file target.pdb (PDB, C-alpha atoms, pLDDT in the B column)
ATOM      1  CA  MET A 289       0.000   0.000   0.000  1.00 44.00           C
ATOM      2  CA  ALA A 290       2.959   2.306   0.500  1.00 44.00           C
ATOM      3  CA  THR A 291       3.383   2.687  -3.258  1.00 42.00           C
ATOM      4  CA  THR A 292      -0.234   3.639  -4.016  1.00 39.00           C
ATOM      5  CA  ARG A 293       0.136   7.375  -3.388  1.00 40.00           C
ATOM      6  CA  PRO A 294       3.273   7.909  -5.567  1.00 38.00           C
ATOM      7  CA  VAL A 295       1.725   5.888  -8.386  1.00 37.00           C
ATOM      8  CA  LEU A 296      -1.479   7.922  -8.277  1.00 36.00           C
ATOM      9  CA  ILE A 297       0.494  11.181  -8.256  1.00 36.00           C
ATOM     10  CA  GLY A 298       2.559   9.960 -11.189  1.00 38.00           C
ATOM     11  CA  LEU A 299      -0.577   9.079 -13.142  1.00 36.00           C
ATOM     12  CA  LEU A 300      -2.097  12.460 -12.329  1.00 35.00           C
ATOM     13  CA  ILE A 301       1.000  14.313 -13.587  1.00 35.00           C
ATOM     14  CA  ALA A 302       1.061  12.237 -16.765  1.00 39.00           C
ATOM     15  CA  SER A 303      -2.619  12.978 -17.300  1.00 39.00           C
ATOM     16  CA  LEU A 304      -2.076  16.715 -16.859  1.00 38.00           C
ATOM     17  CA  LEU A 305       0.869  16.731 -19.235  1.00 40.00           C
ATOM     18  CA  GLY A 306      -1.144  14.803 -21.770  1.00 44.00           C
ATOM     19  CA  THR A 307      -3.960  17.334 -21.732  1.00 43.00           C
ATOM     20  CA  ALA A 308      -1.655  20.370 -21.714  1.00 41.00           C
ATOM     21  CA  SER A 309      -0.293  19.905 -25.219  1.00 47.00           C
ATOM     22  CA  PRO A 310      -3.505  20.859 -27.104  1.00 49.00           C
ATOM     23  CA  ALA A 311      -3.783  24.006 -24.966  1.00 54.00           C
ATOM     24  CA  LEU A 312      -0.438  25.179 -26.316  1.00 77.00           C
ATOM     25  CA  ALA A 313      -1.660  25.074 -29.918  1.00 92.00           C
ATOM     26  CA  TYR A 314      -2.194  28.427 -31.626  1.00 95.00           C
ATOM     27  CA  ASN A 315      -5.021  28.699 -34.151  1.00 96.00           C
ATOM     28  CA  GLU A 316      -7.439  31.176 -35.740  1.00 97.00           C
ATOM     29  CA  SER A 317      -9.468  31.464 -32.544  1.00 96.00           C
ATOM     30  CA  SER A 318      -6.296  32.359 -30.660  1.00 96.00           C
ATOM     31  CA  ALA A 319      -5.443  35.057 -33.200  1.00 96.00           C
ATOM     32  CA  ARG A 320      -8.970  36.515 -32.993  1.00 96.00           C
ATOM     33  CA  ARG A 321      -8.783  36.575 -29.217  1.00 95.00           C
ATOM     34  CA  ASP A 322      -5.422  38.363 -29.246  1.00 93.00           C
ATOM     35  CA  CYS A 323      -6.679  40.950 -31.755  1.00 93.00           C
ATOM     36  CA  ASP A 324      -9.813  41.497 -29.670  1.00 93.00           C
ATOM     37  CA  ASP A 325      -7.594  42.270 -26.683  1.00 90.00           C
ATOM     38  CA  LYS A 326      -5.940  45.058 -28.675  1.00 86.00           C
ATOM     39  CA  ILE A 327      -8.880  46.516 -30.621  1.00 88.00           C
ATOM     40  CA  VAL A 328     -12.088  46.013 -28.681  1.00 88.00           C
ATOM     41  CA  HIS A 329     -10.576  46.995 -25.354  1.00 76.00           C
ATOM     42  CA  TRP A 330      -8.584  49.948 -26.707  1.00 59.00           C
ATOM     43  CA  GLY A 331      -9.840  52.720 -24.409  1.00 64.00           C
ATOM     44  CA  ASN A 332     -13.324  51.153 -24.547  1.00 62.00           C
ATOM     45  CA  GLU A 333     -13.884  53.136 -27.753  1.00 83.00           C
ATOM     46  CA  TYR A 334     -14.782  50.109 -29.884  1.00 89.00           C
ATOM     47  CA  SER A 335     -16.871  46.973 -29.377  1.00 91.00           C
ATOM     48  CA  ASP A 336     -18.456  44.019 -31.189  1.00 93.00           C
ATOM     49  CA  ALA A 337     -15.524  42.958 -33.410  1.00 94.00           C
ATOM     50  CA  ARG A 338     -16.570  40.829 -36.415  1.00 96.00           C
ATOM     51  CA  TYR A 339     -14.017  39.175 -38.675  1.00 97.00           C
ATOM     52  CA  ASP A 340     -14.674  39.191 -42.434  1.00 96.00           C
ATOM     53  CA  ASP A 341     -11.377  37.676 -43.572  1.00 96.00           C
ATOM     54  CA  VAL A 342      -8.686  35.733 -41.743  1.00 97.00           C
ATOM     55  CA  GLN A 343      -5.572  34.533 -43.579  1.00 96.00           C
ATOM     56  CA  ASP A 344      -3.304  31.899 -42.040  1.00 96.00           C
ATOM     57  CA  THR A 345       0.173  32.899 -43.229  1.00 90.00           C
ATOM     58  CA  GLY A 346       1.927  30.017 -41.478  1.00 90.00           C
ATOM     59  CA  TRP A 347       4.100  29.653 -38.392  1.00 87.00           C
ATOM     60  CA  ASP A 348       1.366  30.814 -35.994  1.00 90.00           C
ATOM     61  CA  SER A 349       0.893  34.020 -37.999  1.00 89.00           C
ATOM     62  CA  TYR A 350      -2.356  35.549 -39.257  1.00 94.00           C
ATOM     63  CA  ASP A 351      -3.668  38.578 -41.173  1.00 92.00           C
ATOM     64  CA  LEU A 352      -7.143  39.546 -39.973  1.00 94.00           C
ATOM     65  CA  ASN A 353      -9.670  42.050 -41.337  1.00 94.00           C
ATOM     66  CA  GLY A 354     -13.116  42.912 -40.074  1.00 95.00           C
ATOM     67  CA  ARG A 355     -15.539  45.449 -38.672  1.00 95.00           C
ATOM     68  CA  VAL A 356     -15.922  46.962 -35.250  1.00 93.00           C
ATOM     69  CA  ARG A 357     -18.620  49.215 -33.765  1.00 93.00           C
ATOM     70  CA  ALA A 358     -17.455  52.677 -32.684  1.00 89.00           C
ATOM     71  CA  ASN A 359     -19.149  53.971 -29.548  1.00 87.00           C
ATOM     72  CA  ARG A 360     -18.741  57.584 -30.641  1.00 85.00           C
ATOM     73  CA  ASP A 361     -21.016  57.299 -33.684  1.00 89.00           C
ATOM     74  CA  GLY A 362     -22.668  53.880 -33.352  1.00 91.00           C
ATOM     75  CA  LYS A 363     -21.374  52.884 -36.816  1.00 92.00           C
ATOM     76  CA  ASP A 364     -19.155  50.106 -38.150  1.00 94.00           C
ATOM     77  CA  HIS A 365     -15.520  50.865 -38.932  1.00 91.00           C
ATOM     78  CA  ALA A 366     -13.079  48.592 -40.777  1.00 90.00           C
ATOM     79  CA  PHE A 367     -10.047  47.320 -38.910  1.00 90.00           C
ATOM     80  CA  THR A 368      -6.940  45.254 -39.624  1.00 89.00           C
ATOM     81  CA  CYS A 369      -4.790  43.215 -37.288  1.00 91.00           C
ATOM     82  CA  LYS A 370      -1.533  41.326 -37.863  1.00 87.00           C
ATOM     83  CA  VAL A 371      -0.257  38.449 -35.755  1.00 88.00           C
ATOM     84  CA  ARG A 372       3.298  37.227 -36.215  1.00 80.00           C
ATOM     85  CA  TYR A 373       4.532  34.169 -34.330  1.00 82.00           C
ATOM     86  CA  ARG A 374       1.677  34.414 -31.789  1.00 86.00           C
ATOM     87  CA  GLU A 375       2.314  38.126 -31.234  1.00 83.00           C
ATOM     88  CA  VAL A 376       0.084  40.992 -32.366  1.00 82.00           C
ATOM     89  CA  VAL A 377       2.563  43.232 -34.149  1.00 78.00           C
ATOM     90  CA  SER A 378       0.121  45.844 -35.481  1.00 80.00           C
ATOM     91  CA  TRP A 379      -3.499  46.873 -35.455  1.00 82.00           C
ATOM     92  CA  ASN A 380      -5.482  49.857 -36.683  1.00 82.00           C
ATOM     93  CA  VAL A 381      -9.066  51.052 -37.113  1.00 84.00           C
ATOM     94  CA  ASN A 382     -10.297  53.168 -40.020  1.00 81.00           C
ATOM     95  CA  GLN A 383     -11.376  56.634 -38.935  1.00 75.00           C
ATOM     96  CA  ASP A 384     -14.254  56.814 -41.433  1.00 79.00           C
ATOM     97  CA  ALA A 385     -17.325  54.627 -40.991  1.00 86.00           C
ATOM     98  CA  LEU A 386     -18.020  51.979 -43.626  1.00 86.00           C
ATOM     99  CA  GLY A 387     -20.031  53.460 -46.469  1.00 77.00           C
ATOM    100  CA  GLY A 388     -18.491  56.867 -45.815  1.00 63.00           C
ATOM    101  CA  LYS A 389     -15.936  58.837 -47.776  1.00 54.00           C
ATOM    102  CA  ASP A 390     -13.192  56.241 -47.905  1.00 47.00           C
ATOM    103  CA  ASP A 391     -13.546  52.495 -47.418  1.00 44.00           C
ATOM    104  CA  SER A 392     -10.397  51.559 -49.315  1.00 46.00           C
ATOM    105  CA  HIS A 393      -7.739  51.813 -46.555  1.00 45.00           C
ATOM    106  CA  LYS A 394      -5.533  53.447 -49.201  1.00 43.00           C
ATOM    107  CA  LYS A 395      -5.428  56.902 -47.651  1.00 43.00           C
ATOM    108  CA  ARG A 396      -3.107  56.439 -44.738  1.00 40.00           C
ATOM    109  CA  ASP A 397      -4.115  59.656 -42.976  1.00 37.00           C
ATOM    110  CA  ARG A 398      -7.664  58.300 -42.749  1.00 34.00           C
ATOM    111  CA  ALA A 399      -6.907  54.626 -42.192  1.00 35.00           C
ATOM    112  CA  LEU A 400      -4.626  55.113 -39.216  1.00 38.00           C
ATOM    113  CA  ALA A 401      -7.090  56.683 -36.827  1.00 38.00           C
ATOM    114  CA  ILE A 402      -5.597  54.525 -34.118  1.00 45.00           C
ATOM    115  CA  GLY A 403      -2.753  52.132 -34.489  1.00 51.00           C
ATOM    116  CA  ALA A 404       0.206  50.594 -32.821  1.00 54.00           C
ATOM    117  CA  GLY A 405       2.924  48.087 -33.427  1.00 62.00           C
ATOM    118  CA  VAL A 406       5.436  46.013 -31.591  1.00 59.00           C
ATOM    119  CA  VAL A 407       9.125  46.427 -32.325  1.00 59.00           C
ATOM    120  CA  GLY A 408      10.664  43.079 -31.454  1.00 55.00           C
ATOM    121  CA  LEU A 409      13.318  40.681 -32.654  1.00 50.00           C
ATOM    122  CA  VAL A 410      10.870  37.976 -33.755  1.00 49.00           C
ATOM    123  CA  ALA A 411       8.898  40.226 -36.088  1.00 49.00           C
ATOM    124  CA  LEU A 412      12.044  41.996 -37.252  1.00 53.00           C
ATOM    125  CA  ALA A 413      13.786  38.733 -38.100  1.00 51.00           C
ATOM    126  CA  ALA A 414      10.777  37.652 -40.130  1.00 51.00           C
ATOM    127  CA  MET A 415      10.802  40.902 -42.093  1.00 48.00           C
ATOM    128  CA  MET A 416      14.535  40.768 -42.692  1.00 49.00           C
ATOM    129  CA  SER A 417      14.320  37.251 -44.068  1.00 51.00           C
ATOM    130  CA  GLY A 418      11.269  38.141 -46.154  1.00 49.00           C
ATOM    131  CA  ASN A 419      13.077  41.069 -47.846  1.00 45.00           C
ATOM    132  CA  LYS A 420      10.672  43.965 -47.425  1.00 43.00           C
ATOM    133  CA  ASN A 421      12.931  46.401 -49.226  1.00 44.00           C
ATOM    134  CA  GLY A 422      11.762  45.587 -52.743  1.00 43.00           C
ATOM    135  CA  ASP A 423      13.984  47.137 -55.399  1.00 46.00           C
ATOM    136  CA  LYS A 424      16.216  48.666 -52.723  1.00 52.00           C
ATOM    137  CA  ALA A 425      17.655  45.226 -52.040  1.00 51.00           C
ATOM    138  CA  ASN A 426      19.825  45.590 -55.143  1.00 58.00           C
ATOM    139  CA  GLU A 427      20.955  49.144 -54.391  1.00 66.00           C
ATOM    140  CA  LYS A 428      24.477  49.826 -53.174  1.00 76.00           C
ATOM    141  CA  PRO A 429      24.531  50.825 -49.473  1.00 79.00           C
ATOM    142  CA  SER A 430      25.254  54.477 -48.799  1.00 84.00           C
ATOM    143  CA  ASP A 431      28.335  55.623 -46.904  1.00 85.00           C
ATOM    144  CA  SER A 432      26.233  56.217 -43.780  1.00 85.00           C
ATOM    145  CA  GLU A 433      24.741  52.723 -44.033  1.00 86.00           C
ATOM    146  CA  LEU A 434      28.175  51.176 -44.409  1.00 90.00           C
ATOM    147  CA  ALA A 435      29.416  53.113 -41.384  1.00 91.00           C
ATOM    148  CA  GLN A 436      26.391  51.968 -39.365  1.00 90.00           C
ATOM    149  CA  ASN A 437      26.990  48.359 -40.393  1.00 89.00           C
ATOM    150  CA  GLN A 438      30.636  48.579 -39.350  1.00 92.00           C
ATOM    151  CA  LYS A 439      29.661  50.011 -35.976  1.00 92.00           C
ATOM    152  CA  ARG A 440      27.084  47.274 -35.478  1.00 89.00           C
ATOM    153  CA  GLU A 441      29.662  44.560 -36.138  1.00 90.00           C
ATOM    154  CA  SER A 442      32.286  46.126 -33.877  1.00 92.00           C
ATOM    155  CA  TYR A 443      29.828  46.626 -31.010  1.00 90.00           C
ATOM    156  CA  ALA A 444      28.543  43.053 -31.411  1.00 87.00           C
ATOM    157  CA  THR A 445      32.070  41.647 -31.134  1.00 88.00           C
ATOM    158  CA  GLY A 446      33.043  43.943 -28.261  1.00 87.00           C
ATOM    159  CA  THR A 447      35.796  45.724 -30.206  1.00 90.00           C
ATOM    160  CA  GLY A 448      33.970  49.025 -30.641  1.00 88.00           C
ATOM    161  CA  GLY A 449      33.614  50.123 -27.041  1.00 90.00           C
ATOM    162  CA  ASN A 450      30.283  50.760 -25.313  1.00 93.00           C
ATOM    163  CA  PRO A 451      27.378  51.192 -27.786  1.00 93.00           C
ATOM    164  CA  LEU A 452      25.164  52.629 -25.023  1.00 93.00           C
ATOM    165  CA  SER A 453      27.348  55.733 -24.977  1.00 93.00           C
ATOM    166  CA  ASP A 454      26.810  56.269 -28.725  1.00 94.00           C
ATOM    167  CA  THR A 455      23.388  57.922 -28.853  1.00 94.00           C
ATOM    168  CA  GLN A 456      23.623  58.674 -32.567  1.00 94.00           C
ATOM    169  CA  TYR A 457      24.224  55.000 -33.320  1.00 94.00           C
ATOM    170  CA  LEU A 458      21.275  53.920 -31.131  1.00 94.00           C
ATOM    171  CA  ARG A 459      19.043  56.535 -32.752  1.00 94.00           C
ATOM    172  CA  GLN A 460      19.936  55.288 -36.230  1.00 92.00           C
ATOM    173  CA  GLU A 461      19.343  51.652 -35.244  1.00 91.00           C
ATOM    174  CA  CYS A 462      15.954  52.538 -33.780  1.00 91.00           C
ATOM    175  CA  SER A 463      14.991  54.543 -36.873  1.00 91.00           C
ATOM    176  CA  GLN A 464      15.944  51.683 -39.202  1.00 88.00           C
ATOM    177  CA  VAL A 465      13.985  49.090 -37.228  1.00 86.00           C
ATOM    178  CA  LEU A 466      10.955  51.370 -36.883  1.00 87.00           C
ATOM    179  CA  GLN A 467      10.855  51.953 -40.626  1.00 88.00           C
ATOM    180  CA  ARG A 468      11.037  48.208 -41.277  1.00 84.00           C
ATOM    181  CA  HIS A 469       8.050  47.653 -39.035  1.00 81.00           C
ATOM    182  CA  LEU A 470       6.052  50.555 -40.443  1.00 83.00           C
ATOM    183  CA  ASP A 471       6.687  49.316 -43.984  1.00 82.00           C
ATOM    184  CA  ASP A 472       5.392  45.895 -43.039  1.00 75.00           C
ATOM    185  CA  ASP A 473       2.530  47.029 -40.798  1.00 73.00           C
ATOM    186  CA  HIS A 474       0.954  49.937 -42.651  1.00 75.00           C
ATOM    187  CA  GLY A 475       2.570  50.474 -46.051  1.00 78.00           C
ATOM    188  CA  ALA A 476       5.666  51.840 -47.747  1.00 87.00           C
ATOM    189  CA  VAL A 477       7.332  54.666 -45.835  1.00 90.00           C
ATOM    190  CA  LYS A 478       8.484  57.756 -47.715  1.00 93.00           C
ATOM    191  CA  SER A 479      10.320  59.235 -44.754  1.00 94.00           C
ATOM    192  CA  LEU A 480      10.652  58.784 -40.999  1.00 94.00           C
ATOM    193  CA  SER A 481      11.898  61.554 -38.731  1.00 95.00           C
ATOM    194  CA  LEU A 482      12.763  61.137 -35.057  1.00 94.00           C
ATOM    195  CA  PHE A 483      12.349  64.561 -33.478  1.00 91.00           C
ATOM    196  CA  SER A 484      13.498  63.736 -29.967  1.00 87.00           C
ATOM    197  CA  THR A 485      15.481  60.995 -28.253  1.00 89.00           C
ATOM    198  CA  ASN A 486      15.829  60.261 -24.570  1.00 94.00           C
ATOM    199  CA  LEU A 487      18.191  57.516 -23.453  1.00 95.00           C
ATOM    200  CA  ASN A 488      17.449  56.060 -20.027  1.00 94.00           C
ATOM    201  CA  GLY A 489      19.794  53.179 -19.350  1.00 93.00           C
ATOM    202  CA  ARG A 490      19.212  50.863 -22.325  1.00 93.00           C
ATOM    203  CA  ASN A 491      15.828  52.319 -23.308  1.00 93.00           C
ATOM    204  CA  LEU A 492      15.630  54.939 -26.078  1.00 94.00           C
ATOM    205  CA  THR A 493      12.330  56.839 -26.302  1.00 94.00           C
ATOM    206  CA  GLY A 494      11.024  59.884 -28.136  1.00 94.00           C
ATOM    207  CA  ASP A 495       8.640  61.384 -30.682  1.00 94.00           C
ATOM    208  CA  GLY A 496       8.661  61.337 -34.453  1.00 94.00           C
ATOM    209  CA  GLN A 497       6.677  61.528 -37.671  1.00 93.00           C
ATOM    210  CA  VAL A 498       6.169  59.065 -40.514  1.00 91.00           C
ATOM    211  CA  ILE A 499       5.109  60.045 -44.046  1.00 91.00           C
ATOM    212  CA  PHE A 500       3.709  57.256 -46.253  1.00 88.00           C
ATOM    213  CA  VAL A 501       4.295  56.829 -49.975  1.00 89.00           C
ATOM    214  CA  GLN A 502       0.554  56.443 -50.607  1.00 84.00           C
ATOM    215  CA  GLY A 503      -0.152  59.710 -48.819  1.00 82.00           C
ATOM    216  CA  GLY A 504      -0.760  60.884 -45.294  1.00 81.00           C
ATOM    217  CA  SER A 505       1.425  61.244 -42.253  1.00 85.00           C
ATOM    218  CA  ARG A 506       1.223  60.314 -38.588  1.00 86.00           C
ATOM    219  CA  ASN A 507       2.938  61.591 -35.484  1.00 88.00           C
ATOM    220  CA  LEU A 508       4.144  58.821 -33.228  1.00 89.00           C
ATOM    221  CA  THR A 509       5.914  57.965 -30.010  1.00 89.00           C
ATOM    222  CA  TYR A 510       8.438  55.151 -29.892  1.00 90.00           C
ATOM    223  CA  SER A 511      10.582  53.064 -27.594  1.00 89.00           C
ATOM    224  CA  CYS A 512      13.564  50.886 -28.496  1.00 90.00           C
ATOM    225  CA  ASN A 513      15.086  48.583 -25.878  1.00 88.00           C
ATOM    226  CA  PHE A 514      18.734  47.589 -26.397  1.00 90.00           C
ATOM    227  CA  ASP A 515      20.895  44.868 -24.944  1.00 89.00           C
ATOM    228  CA  ARG A 516      24.489  45.486 -23.842  1.00 90.00           C
ATOM    229  CA  THR A 517      25.819  44.982 -27.393  1.00 90.00           C
ATOM    230  CA  GLY A 518      23.541  47.672 -28.845  1.00 90.00           C
ATOM    231  CA  ARG A 519      21.103  45.208 -30.384  1.00 88.00           C
ATOM    232  CA  ILE A 520      17.370  45.948 -30.240  1.00 86.00           C
ATOM    233  CA  TYR A 521      15.435  43.162 -28.547  1.00 81.00           C
ATOM    234  CA  ASP A 522      12.072  44.847 -27.845  1.00 81.00           C
ATOM    235  CA  GLY A 523      10.091  48.069 -28.177  1.00 83.00           C
ATOM    236  CA  PHE A 524       6.898  49.599 -29.485  1.00 82.00           C
ATOM    237  CA  TYR A 525       5.388  52.557 -31.329  1.00 84.00           C
ATOM    238  CA  ASN A 526       2.051  54.309 -31.003  1.00 82.00           C
ATOM    239  CA  TYR A 527       0.350  56.821 -33.273  1.00 80.00           C
ATOM    240  CA  ARG A 528      -0.632  60.117 -31.720  1.00 76.00           C
ATOM    241  CA  ARG A 529      -3.814  61.947 -32.642  1.00 62.00           C
TER
END

call {"tool": "encode", "arguments": {"input": "target.pdb", "output": "structure tokens"}}
result
Amino acid sequence: MATTRPVLIGLLIASLLGTASPALAYNESSARRDCDDKIVHWGNEYSDARYDDVQDTGWDSYDLNGRVRANRDGKDHAFTCKVRYREVVSWNVNQDALGGKDDSHKKRDRALAIGAGVVGLVALAAMMSGNKNGDKANEKPSDSELAQNQKRESYATGTGGNPLSDTQYLRQECSQVLQRHLDDDHGAVKSLSLFSTNLNGRNLTGDGQVIFVQGGSRNLTYSCNFDRTGRIYDGFYNYRR
């Protein structure tokens, strides 16, 4: 009888482990839930999210489009949400109600009534490997880009000193990563300007403005978190009204 309790505990643990695996799966319902957490609960301004199109892009990644009810006017507004590797990397809600002046999402100054994105290594690595630069991939790097690349390599190997004392380098790294994310999240970027930078330890924050190729501009706030080698590992951006 002395072995009954350990055996029962062992069976219970095995049973729990056996039922835990399905819970770890990520599917369309998971992506909808994560997008709901960002859009429907954003300042309690929107409710009743309905998904019209959900695309499984592989590797626990989804592109979602739908409609949401705006409390301010009681009308439906189109929204988009992107999930990359189980992480919501961007979301936005169209400022104009469906059936209004612009339902196309093509005018960026209208489409980005609210929006945000995550600046992280997972999403960045996916974009780098997917080549989001288009024709620019074949262009020769500029002198400033070459200098930035050399600094990045020297800081990564520890031969370039302390990257956290090089604010200009950190600012350029943050700008480059932000533009990559903006290109992927909301369309081709014509220009990105960082107006202010504040370095607190390993966290660089500030304000800026993005101008899109298809038209429109947005003011934004940003944060880039660096490790000791000057590599960005996390961050975010938010559009300002």

call {"tool": "atom_distance", "arguments": {"input": "target.pdb", "atom1": "atom CA of Thr445 of chain A", "atom2": "atom CA of His469 of chain A"}}
result
26.0 Å

call {"tool": "resolve_selection", "arguments": {"input": "target.pdb", "expression": "the PyMOL selection byres ((chain A and resi 318-320) around 10)", "output": "list in words"}}
result
Ala313, Tyr314, Asn315, Glu316, Ser317, Arg321, Asp322, Cys323, Asp324, Asp325, Ala337, Arg338, Tyr339, Val342, Asp344, Asp348, Ser349, Tyr350, Asp351, Leu352, Cys369, Lys370, Val371, Arg372, Arg374, Glu375 and Val376 of chain A

call {"tool": "atom_distance", "arguments": {"input": "target.pdb", "atom1": "atom CA of Leu466 of chain A", "atom2": "atom CA of Gly449 of chain A"}}
result
24.7 Å

call {"tool": "residues_around", "arguments": {"input": "target.pdb", "residues": "Ser511 of chain A", "least_positions_apart": "2", "cutoff": "6 Å", "atoms": "all atoms listed in the file", "output": "ChimeraX atom specification"}}
result
/A:492-493,523-524

call {"tool": "atom_distance", "arguments": {"input": "target.pdb", "atom1": "atom CA of Thr509 of chain A", "atom2": "atom CA of Asp431 of chain A"}}
result
28.2 Å

call {"tool": "axis_aligned_box", "arguments": {"input": "target.pdb", "around": "segment 331-342 of chain A", "padding_each_side": "8 Å", "output": "JSON"}}
result
{"center_x": -13.6, "center_y": 44.4, "center_z": -34.0, "size_x": 25.8, "size_y": 33.4, "size_z": 35.2}

call {"tool": "residues_near_point", "arguments": {"input": "target.pdb", "point": "(-22.3, 57.5, -40.0)", "cutoff": "12 Å", "atoms": "only C-alpha atoms", "output": "list in words"}}
result
Arg357, Ala358, Asn359, Arg360, Asp361, Gly362, Lys363, Asp364, His365, Gln383, Asp384, Ala385, Leu386, Gly387, Gly388 and Lys389 of chain A

call {"tool": "resolve_selection", "arguments": {"input": "target.pdb", "expression": "the PyMOL selection byres ((chain A and resi 479-491) around 10)", "output": "ChimeraX atom specification"}}
result
/A:451-453,455-456,458-460,462-464,466-467,470,476-478,492-501,505-516,518,520,522-523

call {"tool": "write_last_selection", "arguments": {"input": "target.pdb", "atoms": "C-alpha atoms", "output": "mmCIF file, in the frame of the given file"}}
result
data_model
loop_
_atom_site.group_PDB
_atom_site.id
_atom_site.type_symbol
_atom_site.label_atom_id
_atom_site.label_comp_id
_atom_site.auth_asym_id
_atom_site.auth_seq_id
_atom_site.Cartn_x
_atom_site.Cartn_y
_atom_site.Cartn_z
ATOM 1 C CA PRO A 451 27.378 51.192 -27.786
ATOM 2 C CA LEU A 452 25.164 52.629 -25.023
ATOM 3 C CA SER A 453 27.348 55.733 -24.977
ATOM 4 C CA THR A 455 23.388 57.922 -28.853
ATOM 5 C CA GLN A 456 23.623 58.674 -32.567
ATOM 6 C CA LEU A 458 21.275 53.920 -31.131
ATOM 7 C CA ARG A 459 19.043 56.535 -32.752
ATOM 8 C CA GLN A 460 19.936 55.288 -36.230
ATOM 9 C CA CYS A 462 15.954 52.538 -33.780
ATOM 10 C CA SER A 463 14.991 54.543 -36.873
ATOM 11 C CA GLN A 464 15.944 51.683 -39.202
ATOM 12 C CA LEU A 466 10.955 51.370 -36.883
ATOM 13 C CA GLN A 467 10.855 51.953 -40.626
ATOM 14 C CA LEU A 470 6.052 50.555 -40.443
ATOM 15 C CA ALA A 476 5.666 51.840 -47.747
ATOM 16 C CA VAL A 477 7.332 54.666 -45.835
ATOM 17 C CA LYS A 478 8.484 57.756 -47.715
ATOM 18 C CA LEU A 492 15.630 54.939 -26.078
ATOM 19 C CA THR A 493 12.330 56.839 -26.302
ATOM 20 C CA GLY A 494 11.024 59.884 -28.136
ATOM 21 C CA ASP A 495 8.640 61.384 -30.682
ATOM 22 C CA GLY A 496 8.661 61.337 -34.453
ATOM 23 C CA GLN A 497 6.677 61.528 -37.671
ATOM 24 C CA VAL A 498 6.169 59.065 -40.514
ATOM 25 C CA ILE A 499 5.109 60.045 -44.046
ATOM 26 C CA PHE A 500 3.709 57.256 -46.253
ATOM 27 C CA VAL A 501 4.295 56.829 -49.975
ATOM 28 C CA SER A 505 1.425 61.244 -42.253
ATOM 29 C CA ARG A 506 1.223 60.314 -38.588
ATOM 30 C CA ASN A 507 2.938 61.591 -35.484
ATOM 31 C CA LEU A 508 4.144 58.821 -33.228
ATOM 32 C CA THR A 509 5.914 57.965 -30.010
ATOM 33 C CA TYR A 510 8.438 55.151 -29.892
ATOM 34 C CA SER A 511 10.582 53.064 -27.594
ATOM 35 C CA CYS A 512 13.564 50.886 -28.496
ATOM 36 C CA ASN A 513 15.086 48.583 -25.878
ATOM 37 C CA PHE A 514 18.734 47.589 -26.397
ATOM 38 C CA ASP A 515 20.895 44.868 -24.944
ATOM 39 C CA ARG A 516 24.489 45.486 -23.842
ATOM 40 C CA GLY A 518 23.541 47.672 -28.845
ATOM 41 C CA ILE A 520 17.370 45.948 -30.240
ATOM 42 C CA ASP A 522 12.072 44.847 -27.845
ATOM 43 C CA GLY A 523 10.091 48.069 -28.177
#

call {"tool": "resolve_selection", "arguments": {"input": "target.pdb", "expression": "the PyMOL selection byres ((chain A and resi 353) around 6)", "output": "ChimeraX atom specification"}}
result
/A:339-341,352,354,367-368
